[in-house]
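Here's the structure we're looking at; comments come further down.
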Amino acid sequence: MAGVVEAQVSRFPFAGTIPPVMSEKRMLALILTLFVLLGSSYALVTPVFEASDELWHYPMIQYLADGNPLPVQVFDPDQAGPWKQEASQPPLYYYLGAALTFWIDTSDMAQIRWLNPHVDNGIITVDGNTNLAIHDPAQNPWQGTLLAVRIVRLFSVLLGAATVYLTYLIAKEVAPGRPDIALGATAVNAFTPMFLFISGAVNNDNLAIPLASLGVLLLIRGVVRHTNSRLPFTGYCLLIGVVIGLAILTKQGTFALLPLAWGTLFVREWQKAEHDRQDTAYGLRLARALLRSLAYFAIVLLPVILIAGWWYWRNIQLYGDFLGWNAFIAVLGSRAQPASLAQLWDERWGFMLAYWGLFGGVNIPMATWIYHVLNGVVVTAVFGFIIYALKELRGWWATIRWQPTLQSLLANLLSLLERYFPLVICLLFAGAVIFGLVQWATTTWSSQGRLVFTALSALSVLLVVGLVGWLPLRIGKWVAGALGGFLLLVAALAPWLWIRPAYAAAAYTPPRDLPLTTVDARFDDVLQLQGYAVAPVSGAELHPGEYVDVVLHWQVLASTARNWSVFVHLNDAVLGVPIAQRDMYFGQGLRPTSLLQAGEVLTTFYRLAVPETAVSPADLTLAVGLYDWQTGERLLTDAQNDHVDLQQLSLQPVPGAYPNATAVNFMNDVTLVGYTLEPRHAQAGETVTLTLYAQAERPLTTDYTFSAQVVNLEETTRWGSQDMYQPTSSWVPGETQTIAMELTLAADTPANVYPLIVVLYYFAEDGGLQKLQLVTENGRITQDDFLLLTKVRVD
């Protein structure tokens, strides 16, 4: 077996130019030290509960630290508790966090975990409102819940450091003669900004990742090095089982280690049988290797079952699901319909943002050019890995003896595995984790790169191997060093350039100076609106699909214990309701009114999006007011009005050949290019006429039915609808078809303003109804299977 290691070292032609061992160790120590320092800065700079899912992970720790048993996951999101779906997660990380913090009085958690009801979670905005929680500056950061969270965060940083070190060890196994690959992979892991951000947060990934990395390392060494170990192989199998058991008691995503463990054992026994072979038939040797690997795998399973089996048995007993994912999804929510691989591919930009660094509630990005650079590195590494693989395979091919027999084929396959086993394990584990996420993301909205961090050690090694493995060492060390240095610079700046400013209201200012118009509107002697400015983002005229910037200038007249939210509406004169709105606390979501002091002067900024299908021309009114989010009560002005009308705006039509010109793409088959609706304000029992202008995007083989519905989306009650079959398979691409529809409102339709939606559907061969999904302008397939076209007012 030692010969395998020697063969791996000797295949690198520049092995003799390796720097002194102490130099490499010092560089490793420097990387680890910098990681701990940077991780601690992320942990301390990021406000509590502003890291990915921390506001759900920590309540699990606090609940256990108070001596409670594991909570049972309920299937109702409204009754799920402060941990939401995390009660379905394996509990090891939460128990460790509880053990670290049980001595702290965290009875103040309800006050500290003060959630922002208006947050744009997962949405990148220009006007703020990205904070998941409200942060009272009067709270002592080193006591109670704030202290407990920070202790668990710093513990997580140490777990992250363990991952970084394990990445180094794995890289040394993959490329034993290439310190540039070992240190490069270590630096890539250590200085990936998103990994630092997660490491400085309360998140069970922080335990799952090092355990998965340790599992990968043990599997590699089980084949490559175990003959040099003083630990009996049975004991080694038990050790592997302990690590895998701890991993799957932390996160289900580490289950990929189990089939890899058996595969590793089989390769080892196959290898042993071939090296120690006697005059037995090849098939018998292979069968013996299979049986011995299964016996050793049973030894691996023993600690796995003892450590984690109770949790998965509990899932079966409580939820009828081995993994508990049915309860998890019931709380988390799922896509309207499973996503296709094409749709997941369309979500790749957001996926990569969340891999490299998308902070807060996945809504605080770095500079866009950084992602382009790093994504370019990935593309380069993929092509480089192909070159590397071809070079290595050519070298391997020259060493084998090929005969057209099954035995020869298997023998050569074994030699390939012996030569590149560490690399194969990294590829298989990374592939398994990515495959698992793809399966998960088809059901849930989980296209986030950070969710493959379970395989981060393997991914970092593969990235650097692809980037420099095919280059000479003298060049590779500079390339790997440049990438590590770039990531270090970005990672060091991120807390100060993007994370910290995101929680300062002054960071969100209008992109241009807008002249203020003076106004005097007093809201119950609590707040005074003193001025405002409004302007379309694109220029002098406002069109559907564009944005409006609004600036408000306020003065606090008196302190208040209540929290009033600002609403900014663009009201349609015909409908009497907003077609665009923005609601948030003061300070761009950061400062509820109970934290404001009398005499303060505040400037707030809002960007409103006008729907692409808004009816035009139309008269709009900019209206501003205050309301209590919990009760819905509005704060009245001195004139006893519940809002202030500030300015009239004219919504002008988009230039085009059809009224209300638009370009709504239904699954790249049909595009809605315009419509009319008459009347928009009707009486119950009357008929409204909807005319759609549509075009086929390409020759179609399916006939679709167009459905228009006046519906209460909350109750799914249809108050008026019509479905019209269209021979779309005979439509000429690019030619406009006119579809006139009559929607008679029910006589008992309650007075209200209702959405008018449009659906395109057909019946599949199995009789199931299939709806066409909408496609964005940049080609991304959405989960929306209906178009909210406009609204109808019914009296």
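FYI, nothing fancy with the structure tokens labels: chains A, B, ... in order, residues from 1 per chain, ligands from 1 as they appear.
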> Which neighbours of region 358-364 of chain A fall inside 9 Å, counting only C-alpha atoms, when residues of the same chain fewer than 2 positions from it are skipped, and could you give them as an MDAnalysis selection string?
Replying inline: chainID A and resid 46 49:53 120:125 130:132 193:194 197:198 350 353:356 366 448 498:499 502
Selected residues, N, CA and C atoms, written as a CSV table (one decimal), in the first residue's frame, please.
```csv
chain,number,residue,atom,x,y,z
A,46,THR,N,-21.5,41.5,12.4
A,46,THR,CA,-22.8,41.2,11.9
A,46,THR,C,-23.8,41.2,13.1
A,49,PHE,N,-28.9,37.9,14.9
A,49,PHE,CA,-30.1,37.5,14.1
A,49,PHE,C,-30.1,38.0,12.7
A,50,GLU,N,-29.0,38.6,12.2
A,50,GLU,CA,-28.9,39.1,10.8
A,50,GLU,C,-28.1,38.1,9.9
A,51,ALA,N,-27.7,36.9,10.4
A,51,ALA,CA,-27.0,35.9,9.6
A,51,ALA,C,-28.0,34.9,9.1
A,52,SER,N,-27.7,34.2,8.1
A,52,SER,CA,-28.6,33.3,7.4
A,52,SER,C,-29.3,32.3,8.4
A,53,ASP,N,-30.6,32.4,8.6
A,53,ASP,CA,-31.4,31.5,9.4
A,53,ASP,C,-31.0,31.5,10.9
A,120,ASP,N,-37.4,42.7,3.4
A,120,ASP,CA,-37.3,42.2,2.1
A,120,ASP,C,-36.3,41.0,2.2
A,121,ASN,N,-36.8,39.9,2.7
A,121,ASN,CA,-36.0,38.7,2.9
A,121,ASN,C,-35.6,38.1,1.6
A,122,GLY,N,-34.4,37.9,1.3
A,122,GLY,CA,-34.0,37.3,0.0
A,122,GLY,C,-34.1,38.2,-1.2
A,123,ILE,N,-34.3,39.5,-1.0
A,123,ILE,CA,-34.5,40.4,-2.1
A,123,ILE,C,-33.5,41.5,-1.9
A,124,ILE,N,-32.7,41.8,-3.0
A,124,ILE,CA,-31.7,42.9,-2.9
A,124,ILE,C,-32.4,44.2,-3.3
A,125,THR,N,-32.3,45.1,-2.5
A,125,THR,CA,-33.0,46.4,-2.7
A,125,THR,C,-32.0,47.6,-2.7
A,130,THR,N,-33.6,45.7,4.6
A,130,THR,CA,-33.0,44.3,4.5
A,130,THR,C,-32.8,43.7,5.8
A,131,ASN,N,-33.0,44.5,6.9
A,131,ASN,CA,-32.7,43.9,8.2
A,131,ASN,C,-33.8,43.0,8.7
A,132,LEU,N,-33.4,41.8,9.1
A,132,LEU,CA,-34.3,40.8,9.6
A,132,LEU,C,-34.9,41.1,10.9
A,193,PRO,N,-15.8,34.5,1.3
A,193,PRO,CA,-16.5,35.4,2.2
A,193,PRO,C,-17.8,34.7,2.8
A,194,MET,N,-18.5,33.9,2.0
A,194,MET,CA,-19.7,33.4,2.6
A,194,MET,C,-19.4,32.3,3.6
A,197,PHE,N,-18.8,34.2,6.7
A,197,PHE,CA,-20.0,34.7,7.2
A,197,PHE,C,-20.8,33.7,8.0
A,198,ILE,N,-20.9,32.5,7.4
A,198,ILE,CA,-21.7,31.4,8.0
A,198,ILE,C,-20.9,30.9,9.3
A,350,GLY,N,-28.0,33.6,-8.8
A,350,GLY,CA,-28.3,33.7,-7.4
A,350,GLY,C,-27.6,32.6,-6.6
A,353,LEU,N,-24.1,33.8,-6.2
A,353,LEU,CA,-24.0,34.9,-5.2
A,353,LEU,C,-24.0,34.3,-3.8
A,354,ALA,N,-24.8,33.4,-3.5
A,354,ALA,CA,-24.9,32.8,-2.2
A,354,ALA,C,-23.8,31.8,-1.9
A,355,TYR,N,-23.0,31.5,-2.9
A,355,TYR,CA,-21.8,30.7,-2.7
A,355,TYR,C,-20.6,31.6,-2.3
A,356,TRP,N,-20.4,32.6,-3.0
A,356,TRP,CA,-19.3,33.5,-2.7
A,356,TRP,C,-19.5,34.5,-1.6
A,366,MET,N,-22.2,41.8,-2.3
A,366,MET,CA,-20.9,42.5,-2.6
A,366,MET,C,-21.0,43.2,-3.9
A,448,GLN,N,-29.4,28.1,-3.3
A,448,GLN,CA,-28.3,28.9,-2.6
A,448,GLN,C,-27.0,28.1,-2.5
A,498,TRP,N,-19.7,46.2,3.2
A,498,TRP,CA,-21.1,45.8,2.8
A,498,TRP,C,-21.9,45.4,4.0
A,499,ILE,N,-21.4,44.6,5.0
A,499,ILE,CA,-22.3,44.1,6.1
A,499,ILE,C,-22.6,45.2,7.1
A,502,ALA,N,-24.9,48.1,5.9
A,502,ALA,CA,-26.3,47.7,5.6
A,502,ALA,C,-27.2,47.9,6.7
```
> If you run DSSP on this backbone, which residues of region 241-488 of chain A come out as alpha helix (DSSP H), and could you give them as a PyMOL selection string?
Replying inline: chain A and resi 241-248+257-275+282-319+325-332+341-346+348-356+368-397+406-443+456-468+473-488
>> Which residues are close to Leu290 (chain A), i.e. within 10 Å by only C-alpha atoms, leaving aside same-chain residues fewer than 2 positions away? Reply as a ChimeraX atom specification.
In response: /A:262-263,265-267,269-270,284-288,292-295
> Which neighbours of Asp583 (chain A) fall inside 8 Å, counting only C-alpha atoms, when residues of the same chain fewer than 3 positions from it are skipped, and could you give them as a list in words?
Replying inline: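 Near Asp583 (chain A), the qualifying residues are His118, Ser565, Val566, Phe567 and Val568 of chain A.
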>> Which residues are near region 480-490 of chain A? Cut-off 9 Å, only C-alpha atoms, ignore same chain within fewer than 5 positions. Put them as number ranges by chain.
In response: A: 34, 180-181, 183-188, 190-193, 366, 370, 374, 377, 464, 467-468, 475
> Can you list, as a PyMOL selection string, every protein, DNA or RNA residue that comes within 12 Å of Leu516 (chain A) when you count only C-alpha atoms, leaving out same-chain residues fewer than 4 positions away?
Replying inline: chain A and resi 529-535+550-554+603+646
Just C-alpha atoms for this one: save the residues we selected as a CSV table (one decimal), in the first residue's frame.
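The file below, again-v2.csv, is the result:
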```
chain,number,residue,atom,x,y,z
A,529,LEU,CA,-43.9,65.3,7.4
A,530,GLN,CA,-42.1,68.5,6.4
A,531,GLY,CA,-41.1,67.8,2.8
A,532,TYR,CA,-41.0,65.3,0.0
A,533,ALA,CA,-39.6,64.7,-3.4
A,534,VAL,CA,-40.7,62.3,-6.1
A,535,ALA,CA,-39.3,61.5,-9.5
A,550,VAL,CA,-39.7,59.0,-3.2
A,551,VAL,CA,-37.9,61.0,-0.5
A,552,LEU,CA,-39.7,62.0,2.7
A,553,HIS,CA,-38.4,64.5,5.3
A,554,TRP,CA,-39.7,64.0,8.8
A,603,THR,CA,-35.0,61.6,5.8
A,646,LEU,CA,-48.8,64.6,-1.9
```
> In Å, how far is it from CA of Phe385 (chain A) to CA of Gly215 (chain A)?
Replying inline: 24.0 Å
> If you measure from CA of Asp525 (chain A) to CA of Asp638 (chain A), what distance in Å do you get, rounded to one decimal?
Replying inline: 7.9 Å
>> Which residues are close to Phe35 (chain A), i.e. within 10 Å by only C-alpha atoms, leaving aside same-chain residues fewer than 6 positions away? Reply as a PyMOL selection string.
In response: chain A and resi 29+41+157-158+160-161+164+187+189-192+196+199+488+491-492
> Taking into account only C-alpha atoms, which residue in the set A:Cys237, A:Leu318, A:Leu473, A:Leu249 is nearest to Pro71 (chain A)?
Replying inline: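 That would be A:Leu318, the residue with the smallest distance to Pro71 (chain A).
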>> Using DSSP assignments from the backbone, pull out every residue in region 522-765 of chain A that falls under strand (DSSP E) and give it to me as a PyMOL selection string.
In response: chain A and resi 522-523+527-536+547-556+564-572+578-584+601-609+618-628+644-651+664-666+670-678+681-682+687-696+705-712+717-725+736-744+752-763
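Rounded to one decimal, CA of Lys251 (chain A) and CA of Pro90 (chain A) lie 5.7 Å from each other.
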>> Nearest residue to Ala171 (chain A) out of A:Ala298, A:Leu146, A:Leu217, A:Val537, using only C-alpha atoms?
In response: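 Closest to Ala171 (chain A) of all the choices is A:Leu217.
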With region 745-767 of chain A as the partner and 9 Å as the cut-off, tabulate the residues of region 518-586 of chain A that qualify, each row holding the nearest pair of atoms and their distance in Å to one decimal, using only C-alpha atoms, sorted by chain and rising number, as a Markdown table.
```
| residue | atom | partner | partner_atom | distance |
| --- | --- | --- | --- | --- |
| A:Leu575 | CA | A:Val753 | CA | 7.1 |
| A:Gly576 | CA | A:Val753 | CA | 8.6 |
| A:Val577 | CA | A:Val753 | CA | 7.8 |
```
> Which one of A:Leu414, A:Leu459, A:Ile151, A:Leu159 sits closest to Lys272 (chain A) if you count only C-alpha atoms?
Replying inline: A:Leu414
> Nearest to Ala212 (chain A): which of A:Thr454, A:Gln73, A:Thr264, A:Gln588 is it, counting only C-alpha atoms?
Replying inline: A:Thr454
> Hey, which of A:Leu393, A:Val74, A:Ala133, A:Ala367 ends up closest to Ala110 (chain A)? Count only C-alpha atoms.
Replying inline: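 Among the listed residues, A:Ala133 lies closest to Ala110 (chain A).
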